[in-house]
file model-v1.tsv (TSV, C-alpha atoms and all ligand atoms)
chain	number	residue	atom	x	y	z
L	245	MET	CA	0.00	0.00	0.00
L	246	SER	CA	1.29	3.41	-0.77
L	247	GLN	CA	1.77	6.11	1.80
L	248	GLU	CA	-0.78	8.47	0.38
L	249	ASN	CA	-3.49	5.85	0.27
L	250	ALA	CA	-2.80	4.89	3.83
L	251	ASN	CA	-3.32	8.50	4.79
L	252	GLY	CA	-6.53	8.71	2.86
L	253	ALA	CA	-5.15	11.42	0.64
L	254	GLU	CA	-5.67	11.48	-3.07
L	255	PRO	CA	-2.84	10.40	-5.30
L	256	VAL	CA	-0.85	13.34	-6.49
L	257	ILE	CA	0.18	14.14	-9.99
L	258	ASP	CA	3.85	13.58	-9.91
L	259	GLY	CA	6.37	14.77	-12.39
L	260	HIS	CA	7.26	12.42	-15.15
L	261	ALA	CA	10.02	12.10	-17.63
L	262	VAL	CA	9.34	13.27	-21.13
L	263	GLU	CA	10.55	10.86	-23.78
L	264	GLU	CA	13.16	12.57	-25.86
L	265	ALA	CA	14.25	11.04	-29.11
L	266	GLY	CA	17.95	10.34	-28.93
L	267	ALA	CA	18.24	11.55	-25.33
L	268	ALA	CA	21.64	10.50	-24.14
L	269	VAL	CA	22.80	9.97	-20.59
L	270	ALA	CA	25.06	12.30	-18.70
L	271	VAL	CA	28.68	11.75	-17.65
L	272	ALA	CA	30.37	12.11	-21.01
L	273	PRO	CA	29.38	14.13	-24.02
L	274	PRO	CA	28.11	11.66	-26.59
L	275	PRO	CA	29.84	11.58	-29.92
L	276	VAL	CA	27.86	13.29	-32.65
L	277	PRO	CA	25.95	10.37	-34.13
L	278	THR	CA	25.59	9.89	-37.83
L	279	PRO	CA	21.95	9.30	-38.80
L	280	ALA	CA	22.59	5.59	-39.28
L	281	LEU	CA	23.92	5.23	-35.74
L	282	ALA	CA	21.19	7.20	-34.03
L	283	VAL	CA	19.42	4.16	-32.61
L	284	ALA	CA	22.57	2.46	-31.28
L	285	PRO	CA	23.29	2.68	-27.56
L	286	GLN	CA	25.80	5.41	-26.86
L	287	GLY	CA	27.02	4.22	-23.48
L	288	THR	CA	28.60	0.90	-22.57
L	289	PRO	CA	27.20	-1.28	-19.79
L	290	LYS	CA	30.38	-0.53	-17.84
L	291	GLU	CA	29.67	3.19	-17.98
L	292	LEU	CA	26.15	2.53	-16.77
L	293	VAL	CA	27.45	0.59	-13.76
L	294	ALA	CA	30.01	3.31	-13.04
L	295	ARG	CA	27.28	5.96	-13.12
L	296	LEU	CA	25.05	4.01	-10.72
L	297	ASP	CA	28.01	3.53	-8.40
L	298	ALA	CA	28.66	7.28	-8.52
L	299	ILE	CA	25.03	7.96	-7.61
L	300	LYS	CA	25.09	5.47	-4.73
L	301	GLU	CA	28.35	6.96	-3.48
L	302	ALA	CA	26.91	10.46	-3.71
L	303	GLN	CA	23.93	9.28	-1.68
L	304	LYS	CA	26.24	7.83	0.98
L	305	GLU	CA	28.86	10.56	1.13
L	306	ALA	CA	27.18	13.78	0.11
L	307	MET	CA	23.49	13.41	0.85
L	308	GLU	CA	21.56	13.57	4.06
L	309	GLU	CA	18.44	11.60	4.82
L	310	GLY	CA	15.48	13.88	5.42
L	311	VAL	CA	17.10	16.71	3.46
L	312	ASP	CA	18.24	15.27	0.13
L	313	TYR	CA	16.08	12.18	0.13
L	314	GLY	CA	13.35	10.73	2.30
L	315	VAL	CA	12.95	7.18	3.47
L	316	ILE	CA	9.43	6.07	4.19
L	317	PRO	CA	9.22	2.77	6.10
L	318	GLY	CA	7.74	0.02	3.98
L	319	THR	CA	8.82	1.52	0.68
L	320	GLU	CA	11.53	0.08	-1.48
L	321	LYS	CA	13.47	3.12	-2.65
L	322	PRO	CA	14.15	6.44	-1.00
L	323	THR	CA	12.37	9.44	-2.48
L	324	LEU	CA	14.62	11.99	-4.15
L	325	LEU	CA	13.98	15.50	-2.83
L	326	LYS	CA	14.85	18.80	-4.49
L	327	PRO	CA	18.17	19.39	-2.65
L	328	GLY	CA	19.27	15.85	-3.58
L	329	ALA	CA	18.29	16.39	-7.21
L	330	GLU	CA	20.35	19.59	-7.21
L	331	LYS	CA	23.35	17.71	-5.84
L	332	LEU	CA	23.07	15.08	-8.56
L	333	ALA	CA	22.78	17.87	-11.13
L	334	ALA	CA	26.03	19.36	-9.81
L	335	LEU	CA	27.73	15.95	-9.78
L	336	PHE	CA	26.86	15.32	-13.42
L	337	MET	CA	27.50	18.91	-14.48
L	338	LEU	CA	23.96	19.41	-15.62
L	339	ASP	CA	22.60	22.71	-16.83
L	340	VAL	CA	19.01	22.79	-15.57
L	341	GLN	CA	16.58	25.05	-17.42
L	342	PRO	CA	13.08	25.34	-15.94
L	343	SER	CA	10.12	26.99	-17.56
L	344	ASN	CA	6.56	27.37	-16.30
L	345	GLU	CA	3.20	27.82	-17.90
L	346	LYS	CA	0.52	29.26	-15.60
L	347	ARG	CA	-3.15	28.68	-16.20
L	348	TRP	CA	-5.51	30.81	-14.13
L	349	GLY	CA	-9.09	29.89	-13.39
L	350	ALA	CA	-11.80	32.51	-12.96
L	351	ASP	CA	-12.33	31.13	-9.45
L	352	GLY	CA	-8.80	32.01	-8.34
L	353	HIS	CA	-7.36	28.57	-8.92
L	354	LEU	CA	-3.93	28.32	-10.48
L	355	THR	CA	-2.54	25.35	-12.38
L	356	VAL	CA	1.15	25.34	-13.22
L	357	VAL	CA	2.73	23.15	-15.88
L	358	SER	CA	6.44	23.06	-15.34
L	359	ARG	CA	9.00	21.75	-17.76
L	360	VAL	CA	12.63	21.29	-16.82
L	361	THR	CA	15.03	20.76	-19.70
L	362	ILE	CA	18.49	19.47	-18.88
L	363	PHE	CA	21.67	20.11	-20.85
L	364	HIS	CA	25.13	18.69	-20.27
L	365	ALA	CA	26.91	21.88	-19.18
L	366	PRO	CA	30.39	21.18	-20.67
L	367	SER	CA	29.09	20.13	-24.09
L	368	GLY	CA	25.74	21.87	-24.29
L	369	ALA	CA	24.15	18.60	-25.38
L	370	ARG	CA	20.47	18.36	-24.57
L	371	LEU	CA	19.95	15.32	-22.36
L	372	GLY	CA	16.26	15.26	-21.65
L	373	ALA	CA	13.37	16.93	-19.90
L	374	GLY	CA	10.87	16.39	-17.13
L	375	GLU	CA	7.37	17.76	-17.00
L	376	ALA	CA	5.04	18.13	-14.03
L	377	VAL	CA	1.85	19.80	-12.93
L	378	CYS	CA	0.84	21.31	-9.65
L	379	SER	CA	-2.48	23.00	-9.01
L	380	THR	CA	-4.35	24.73	-6.22
L	381	ARG	CA	-7.15	22.33	-7.24
L	382	GLU	CA	-5.25	19.48	-5.62
L	383	LYS	CA	-7.22	18.39	-2.61
L	384	LYS	CA	-4.60	19.35	-0.08
L	385	TYR	CA	-4.57	22.93	-1.38
L	386	ALA	CA	-8.18	23.41	-2.45
L	387	PHE	CA	-9.72	22.72	0.93
L	388	ARG	CA	-9.01	23.46	4.50
L	389	THR	CA	-10.35	21.79	7.60
L	390	ALA	CA	-12.83	23.80	9.61
L	391	ASN	CA	-11.74	24.31	13.21
L	392	LEU	CA	-13.86	23.25	16.18
L	393	LYS	CA	-16.43	25.77	17.33
L	394	CYS	CA	-16.79	26.78	20.95
L	395	PRO	CA	-20.25	25.88	22.36
L	396	GLN	CA	-20.15	29.02	24.53
L	397	CYS	CA	-18.73	31.85	22.43
L	398	GLU	CA	-19.11	30.21	18.98
L	399	ALA	CA	-15.61	31.16	17.86
L	400	GLU	CA	-13.66	28.52	15.90
L	401	THR	CA	-10.99	28.47	18.57
L	402	VAL	CA	-11.35	25.13	20.32
L	403	TRP	CA	-8.25	22.96	20.64
L	404	ARG	CA	-7.28	19.74	22.33
L	405	SER	CA	-5.68	20.36	25.76
L	406	LYS	CA	-2.18	19.12	26.31
L	407	HIS	CA	-2.77	18.23	29.93
L	408	PRO	CA	-5.58	16.69	31.95
L	409	PRO	CA	-7.72	19.07	34.05
L	410	ARG	CA	-5.87	20.22	37.20
L	411	ASN	CA	-8.43	18.74	39.55
L	412	GLU	CA	-8.38	15.38	37.73
L	413	PRO	CA	-4.74	14.53	36.91
L	414	ASP	CA	-5.62	11.03	35.67
L	415	ALA	CA	-8.41	12.10	33.32
L	416	GLU	CA	-8.05	12.29	29.57
L	417	PRO	CA	-7.02	15.81	28.41
L	418	GLY	CA	-10.11	17.67	27.29
L	419	TRP	CA	-10.68	20.74	25.11
L	420	PHE	CA	-10.19	24.44	25.64
L	421	CYS	CA	-11.38	27.56	23.88
L	422	SER	CA	-8.18	29.51	23.28
L	423	SER	CA	-8.36	33.06	24.60
L	424	LYS	CA	-5.06	33.74	22.83
L	425	LYS	CA	-6.84	33.14	19.52
L	426	GLY	CA	-9.83	35.26	20.44
L	427	GLY	CA	-11.94	32.67	22.25
L	428	CYS	CA	-13.56	32.83	25.69
L	429	GLY	CA	-11.14	30.55	27.55
L	430	ALA	CA	-13.74	27.90	28.55
L	431	ASN	CA	-12.71	24.28	29.20
L	432	PHE	CA	-14.59	21.19	28.12
L	433	ALA	CA	-14.32	17.50	29.03
L	434	ALA	CA	-12.75	15.08	26.57
L	435	ASP	CA	-16.11	13.42	25.90
L	436	ASP	CA	-18.19	16.61	25.63
L	437	GLU	CA	-20.53	15.80	22.77
L	438	ARG	CA	-21.04	19.44	21.85
L	439	ILE	CA	-17.44	19.24	20.64
L	440	THR	CA	-16.86	15.59	19.73
L	441	SER	CA	-20.02	15.55	17.58
L	442	GLN	CA	-18.82	18.47	15.45
L	443	GLU	CA	-17.91	17.67	11.90
L	444	ARG	CA	-14.43	18.68	11.04
L	445	GLY	CA	-15.28	18.75	7.40
L	446	GLN	CA	-13.35	20.32	4.59
L	447	ILE	CA	-14.28	23.72	3.31
L	448	ASP	CA	-13.10	25.58	0.23
L	449	ASN	CA	-9.82	27.26	1.00
L	450	PRO	CA	-10.54	31.00	1.10
L	451	ASP	CA	-6.85	31.88	0.85
L	452	LEU	CA	-5.91	30.46	-2.57
L	453	ALA	CA	-3.71	33.44	-3.41
L	454	ASP	CA	-1.41	32.46	-0.55
L	455	LEU	CA	-0.73	29.21	-2.39
L	456	TRP	CA	0.10	30.55	-5.84
L	457	ASN	CA	3.77	30.76	-5.08
L	458	THR	CA	3.73	27.33	-3.45
L	459	VAL	CA	2.24	25.56	-6.47
L	460	VAL	CA	4.73	27.24	-8.83
L	461	LYS	CA	7.60	26.00	-6.67
L	462	MET	CA	6.05	22.57	-6.27
L	463	ALA	CA	5.50	22.09	-10.03
L	464	THR	CA	9.09	23.12	-10.72
L	465	LYS	CA	10.36	20.80	-8.02
L	466	ARG	CA	8.40	17.84	-9.36
L	467	ALA	CA	9.63	18.49	-12.89
L	468	LEU	CA	13.23	18.91	-11.71
L	469	VAL	CA	13.22	15.65	-9.77
L	470	ALA	CA	11.63	13.82	-12.71
L	471	ALA	CA	14.16	15.22	-15.17
L	472	VAL	CA	17.19	14.48	-12.99
L	473	LEU	CA	15.98	10.94	-12.29
L	474	ILE	CA	15.68	10.09	-15.97
L	475	VAL	CA	18.73	11.94	-17.24
L	476	THR	CA	21.13	10.50	-14.67
L	477	GLY	CA	19.55	7.06	-14.45
L	478	ALA	CA	19.12	7.65	-10.71
L	479	SER	CA	15.65	6.08	-10.76
L	480	ALA	CA	17.49	2.80	-10.17
L	481	VAL	CA	18.32	4.19	-6.74
L	482	PHE	CA	15.63	6.78	-6.00
L	483	THR	CA	11.95	7.17	-6.69
L	484	GLN	CA	9.49	10.00	-7.09
L	485	ASP	CA	6.51	7.85	-6.16
L	486	ILE	CA	5.74	9.32	-2.79
L	487	GLU	CA	3.95	12.57	-2.23
L	488	ASP	CA	6.58	15.24	-2.48
L	489	GLY	CA	7.16	17.25	0.62
L	490	GLN	CA	6.28	14.39	2.93
L	491	ALA	CA	9.79	14.21	4.26
L	492	SER	CA	10.89	17.53	2.94
L	493	PRO	CA	11.61	20.65	4.98
L	494	ASP	CA	9.54	22.84	2.67
L	495	GLN	CA	6.42	20.83	3.31
L	496	ALA	CA	3.48	23.15	2.88
L	497	ALA	CA	1.17	23.51	5.83
L	498	PRO	CA	-1.98	22.88	3.77
L	499	ALA	CA	-0.87	19.27	3.36
L	500	LYS	CA	-2.05	18.75	6.92
L	501	ALA	CA	-5.51	20.03	6.16
L	502	GLN	CA	-7.05	16.65	5.55
L	503	SER	CA	-9.96	15.33	7.51
L	504	ARG	CA	-9.63	11.77	8.69
L	505	PRO	CA	-12.12	9.33	10.06
L	506	LYS	CA	-11.68	9.70	13.79
L	507	LEU	CA	-10.65	6.91	16.12
L	508	ASP	CA	-12.76	6.59	19.26
L	509	GLY	CA	-11.12	7.58	22.53
L	510	ALA	CA	-11.41	4.15	24.13
L	511	ARG	CA	-9.48	2.55	21.28
L	512	VAL	CA	-6.74	5.20	21.51
L	513	GLN	CA	-6.50	4.54	25.27
L	514	LYS	CA	-6.25	0.80	24.68
L	515	ILE	CA	-3.45	1.13	22.14
L	516	GLY	CA	-1.66	3.54	24.48
L	517	ALA	CA	-1.96	1.03	27.32
L	518	GLY	CA	-0.59	-1.71	25.04
L	519	ILE	CA	2.44	0.44	24.17
L	520	ALA	CA	3.02	1.24	27.83
L	521	ALA	CA	2.78	-2.44	28.84
L	522	LEU	CA	5.41	-3.40	26.26
L	523	LYS	CA	7.67	-0.50	27.36
L	524	LEU	CA	8.42	0.45	23.75
L	525	THR	CA	10.98	3.19	23.15
L	526	TYR	CA	9.91	6.34	21.29
L	527	ARG	CA	12.00	5.14	18.38
L	528	GLU	CA	10.20	1.80	18.29
L	529	ILE	CA	6.87	3.61	18.50
L	530	GLY	CA	7.86	5.91	15.63
L	531	VAL	CA	8.93	2.99	13.45
L	532	MET	CA	5.71	1.14	14.23
L	533	LEU	CA	3.57	4.17	13.34
L	534	GLY	CA	5.53	4.65	10.12
L	535	ALA	CA	5.04	1.00	9.18
L	536	ALA	CA	1.30	1.47	9.68
L	537	GLY	CA	1.37	4.38	7.23
L	538	ALA	CA	0.87	7.01	9.91
L	539	ASP	CA	2.86	10.12	10.68
L	540	GLY	CA	5.67	9.64	13.19
L	541	LEU	CA	5.96	11.33	16.54
L	542	THR	CA	6.06	15.12	16.54
L	543	GLU	CA	7.72	15.04	19.95
L	544	GLU	CA	9.19	12.29	22.07
L	545	SER	CA	6.83	12.50	25.01
L	546	GLY	CA	3.69	10.89	26.30
L	547	GLU	CA	1.81	13.83	24.81
L	548	GLY	CA	3.48	13.25	21.43
L	549	VAL	CA	2.44	9.58	21.50
L	550	ARG	CA	-1.15	10.44	22.47
L	551	GLU	CA	-1.33	13.01	19.70
L	552	ALA	CA	-0.01	10.55	17.10
L	553	LEU	CA	-2.39	7.81	18.24
L	554	GLY	CA	-5.34	10.20	18.20
L	555	ALA	CA	-4.53	11.00	14.56
L	556	LEU	CA	-4.60	7.36	13.41
L	557	THR	CA	-7.23	6.26	10.95
L	558	PRO	CA	-9.09	3.06	11.89
L	559	ALA	CA	-7.10	1.17	9.24
L	560	GLN	CA	-3.78	2.43	10.61
L	561	ALA	CA	-4.92	1.64	14.16
L	562	ALA	CA	-5.67	-1.95	13.12
L	563	LYS	CA	-2.08	-2.28	11.83
L	564	VAL	CA	-0.67	-0.82	15.04
L	565	GLU	CA	-2.81	-3.23	17.10
L	566	ALA	CA	-1.59	-6.20	15.04
L	567	HIS	CA	1.99	-4.98	15.42
L	568	LEU	CA	1.63	-4.72	19.21
L	569	GLU	CA	0.13	-8.18	19.37
L	570	LYS	CA	3.02	-9.59	17.39
L	571	ILE	CA	5.63	-7.95	19.65
L	572	ALA	CA	3.82	-9.36	22.69
L	573	GLN	CA	3.78	-12.84	21.15
L	574	ASP	CA	7.43	-12.63	20.14
L	575	ARG	CA	8.37	-11.64	23.67
L	576	ASP	CA	6.30	-14.48	25.14
L	577	ALA	CA	8.01	-16.93	22.80
L	578	ASP	CA	11.38	-15.45	23.74
L	579	GLN	CA	10.54	-15.79	27.39
L	580	SER	CA	9.49	-19.45	27.18
L	581	GLN	CA	12.57	-20.27	25.09
L	582	LYS	CA	14.82	-18.78	27.77
L	583	GLY	CA	12.85	-20.72	30.34
L	584	GLY	CA	13.45	-23.91	28.37
L	585	LYS	CA	17.19	-23.33	28.25
L	586	VAL	CA	17.37	-22.76	31.97
L	587	ASP	CA	15.50	-25.99	32.54
L	588	GLY	CA	17.82	-27.83	30.17
L	589	SER	CA	21.00	-26.62	31.84
L	590	GLN	CA	19.62	-27.54	35.21
L	591	ALA	CA	18.81	-31.01	33.98
L	592	SER	CA	22.32	-31.59	32.60
L	593	ALA	CA	24.04	-30.22	35.70
M	601	ZN	ZN	-15.25	30.08	23.61

call {"tool": "encode", "arguments": {"input": "model-v1.tsv", "output": "C-alpha cells"}}
result
Amino acid sequence: MSQENANGAEPVIDGHAVEEAGAAVAVAPPPVPTPALAVAPQGTPKELVARLDAIKEAQKEAMEEGVDYGVIPGTEKPTLLKPGAEKLAALFMLDVQPSNEKRWGADGHLTVVSRVTIFHAPSGARLGAGEAVCSTREKKYAFRTANLKCPQCEAETVWRSKHPPRNEPDAEPGWFCSSKKGGCGANFAADDERITSQERGQIDNPDLADLWNTVVKMATKRALVAAVLIVTGASAVFTQDIEDGQASPDQAAPAKAQSRPKLDGARVQKIGAGIAALKLTYREIGVMLGAAGADGLTEESGEGVREALGALTPAQAAKVEAHLEKIAQDRDADQSQKGGKVDGSQASA
C-alpha cells in the first residue's frame, strides 16, 4: 500500500520524464551520431554501472536523509527530494533550465505546468526533460479543515488540551477555547458531545492566493526531480513515487488540512496502554507508526504519542494493534525459550 493511500489522501500528480528522441545519458558528451547510428546505444554497460556507483556513493557521502532524500518505512526506494536532485545535477555537471506555464481559473485557482530541460553543461548537449503539474485544485490545497467551534462563544478556537484538568490529573485531556486566539477561555471535558459531535469537514480554502507561489515552486520541483531521475539514471536508486514534501523541509502547511475518520477515545487509550505495557521506546513507536502508514511522533513525550495515536485512521490503528500483538507474542516466545534453556541446563548439571 502506498503512503498516500494509507493517509486517505488522493494520489498526487507527480512529475514524469518526457521521452526525448535520442536523449543520451550524462557523464560524457556523446559523440555526434551519424543518422545511421542514431538508434545504437551510446554508453557501454560498464559506464552505466560506473554511473550508478557514482550515484550510490553520492547518496552515501554527500546526501543527508530527510534533506536530500526521504525514506518512508515500507517503501523500497528512497524518495529523491529537491536538494538531492540539485546535488546530482552538480555531480553530473547538468545545466538545468526550468520553464513554467501558468493557467488561471476565474475562481482564483492556479494550475502550473512546469517543464525542466536538462543540458550537459560542458558540451551543451540536450539530455532530456521532465514535466510536471501542480495546481491549487489538488485536494490538499483546495480545501481546509474547519476548526472546532466553541459551544459558549461560537468562535472557531477550540483545541485539544495538552494536559488533563488540574483537579483530575488522571483524566483524559479535554478541550479548551483559546483566549489567545480570540476565544472565551472555557474548558470542556474530553467526551463533551457538543465538541466531539462536530464535523471537522473540509471547506473551500478562502486563501488560494497564498498558495500561488507554493504551487509554482512545487510544479518546478516535481519536474526537476523527474528530469534528474531520468537523465542521470538515478531512478534505479531513487523514486518520485511518494507525495513530495512528505519528508521535505519545505512541506506546505496545507498538506495537513485533511480530515480523517476519527478513532474513538477508548481505542486510543487501549493502544496507548498496550504500548506502555510493552515499554516500547519512542524510536520503536515511531517505526511502528511509520510501518502502519501514519505520521511519526512530533515530539518524544507521552503527549506526542497520544497526539499521534489520536490522529490514526481506523485502518492504521488496526495495523498498530496487530503490530503490538506480534511484539507481545514474540516476547512471550522469547521468554518461554529462555525458560526452556534454563530448565535444560539444570537437567544436565
Ligand atoms: Zn469560547

call {"tool": "closest_atom_pairs", "arguments": {"input": "model-v1.tsv", "of": "region 418-489 of chain L", "to": "region 367-374 of chain L", "cutoff": "6 Å", "atoms": "all atoms listed in the file", "output": "tab-separated table"}}
result
residue	atom	partner	partner_atom	distance
L:Ala467	CA	L:Gly374	CA	4.9
L:Ala470	CA	L:Gly374	CA	5.2
L:Ala471	CA	L:Gly374	CA	4.0

call {"tool": "residues_near_ligand", "arguments": {"input": "model-v1.tsv", "ligand": "ligand ZN 601 (chain M)", "cutoff": "9 Å", "atoms": "all atoms listed in the file", "output": "PyMOL selection string"}}
result
chain L and resi 393-402+420-423+426-431

call {"tool": "closest_residue", "arguments": {"input": "model-v1.tsv", "among": "L:Glu382, L:Asp508, L:Glu443, L:Glu309", "to": "Leu455 (chain L)", "atoms": "all atoms listed in the file"}}
result
L:Glu382

call {"tool": "closest_residue", "arguments": {"input": "model-v1.tsv", "among": "L:Glu330, L:Glu528, L:Glu345, L:Glu412", "to": "Ala302 (chain L)", "atoms": "all atoms listed in the file"}}
result
L:Glu330

call {"tool": "residues_around", "arguments": {"input": "model-v1.tsv", "residues": "Ser343 (chain L)", "least_positions_apart": "5", "cutoff": "12 Å", "atoms": "all atoms listed in the file", "output": "ChimeraX atom specification"}}
result
/L:356-362,373-377,460-461,463-465,467-468

call {"tool": "atom_distance", "arguments": {"input": "model-v1.tsv", "atom1": "CA of Arg404 (chain L)", "atom2": "CA of Leu556 (chain L)"}}
result
15.5 Å

call {"tool": "atom_distance", "arguments": {"input": "model-v1.tsv", "atom1": "CA of Asp448 (chain L)", "atom2": "CA of Ala559 (chain L)"}}
result
26.7 Å

call {"tool": "residues_around", "arguments": {"input": "model-v1.tsv", "residues": "Gly318 (chain L)", "least_positions_apart": "2", "cutoff": "7 Å", "atoms": "all atoms listed in the file", "output": "PDB file with C-alpha atoms, keeping the file's coordinate frame"}}
result
ATOM      1  CA  ILE L 316       9.430   6.070   4.190  1.00  0.00           C
ATOM      2  CA  GLU L 320      11.530   0.080  -1.480  1.00  0.00           C
ATOM      3  CA  ALA L 535       5.040   1.000   9.180  1.00  0.00           C
TER       4      ALA L 535
END

call {"tool": "atom_distance", "arguments": {"input": "model-v1.tsv", "atom1": "CA of Lys563 (chain L)", "atom2": "CA of Ala538 (chain L)"}}
result
9.9 Å

call {"tool": "residues_around", "arguments": {"input": "model-v1.tsv", "residues": "Asp312 (chain L)", "least_positions_apart": "5", "cutoff": "10 Å", "atoms": "only C-alpha atoms", "output": "short mmCIF file (atom, residue, chain, number, x, y, z; two decimals) with C-alpha atoms, in the frame of the given file"}}
result
data_model
loop_
_atom_site.label_atom_id
_atom_site.label_comp_id
_atom_site.auth_asym_id
_atom_site.auth_seq_id
_atom_site.Cartn_x
_atom_site.Cartn_y
_atom_site.Cartn_z
CA GLN L 303 23.93 9.28 -1.68
CA ALA L 306 27.18 13.78 0.11
CA MET L 307 23.49 13.41 0.85
CA PRO L 322 14.15 6.44 -1.00
CA THR L 323 12.37 9.44 -2.48
CA LEU L 324 14.62 11.99 -4.15
CA LEU L 325 13.98 15.50 -2.83
CA LYS L 326 14.85 18.80 -4.49
CA PRO L 327 18.17 19.39 -2.65
CA GLY L 328 19.27 15.85 -3.58
CA ALA L 329 18.29 16.39 -7.21
CA GLU L 330 20.35 19.59 -7.21
CA LYS L 331 23.35 17.71 -5.84
CA LEU L 332 23.07 15.08 -8.56
CA ALA L 491 9.79 14.21 4.26
CA SER L 492 10.89 17.53 2.94
CA PRO L 493 11.61 20.65 4.98
#

call {"tool": "residues_around", "arguments": {"input": "model-v1.tsv", "residues": "Arg295 (chain L)", "least_positions_apart": "3", "cutoff": "9 Å", "atoms": "only C-alpha atoms", "output": "PyMOL selection string"}}
result
chain L and resi 270-271+290-292+298-300+476-478

call {"tool": "closest_residue", "arguments": {"input": "model-v1.tsv", "among": "L:Glu416, L:Asp451, L:Asp351, L:Asp339", "to": "Gly516 (chain L)", "atoms": "all atoms listed in the file"}}
result
L:Glu416

call {"tool": "closest_residue", "arguments": {"input": "model-v1.tsv", "among": "L:Cys378, L:Leu354, L:Ala566, L:Ala521", "to": "Arg466 (chain L)", "atoms": "all atoms listed in the file"}}
result
L:Cys378
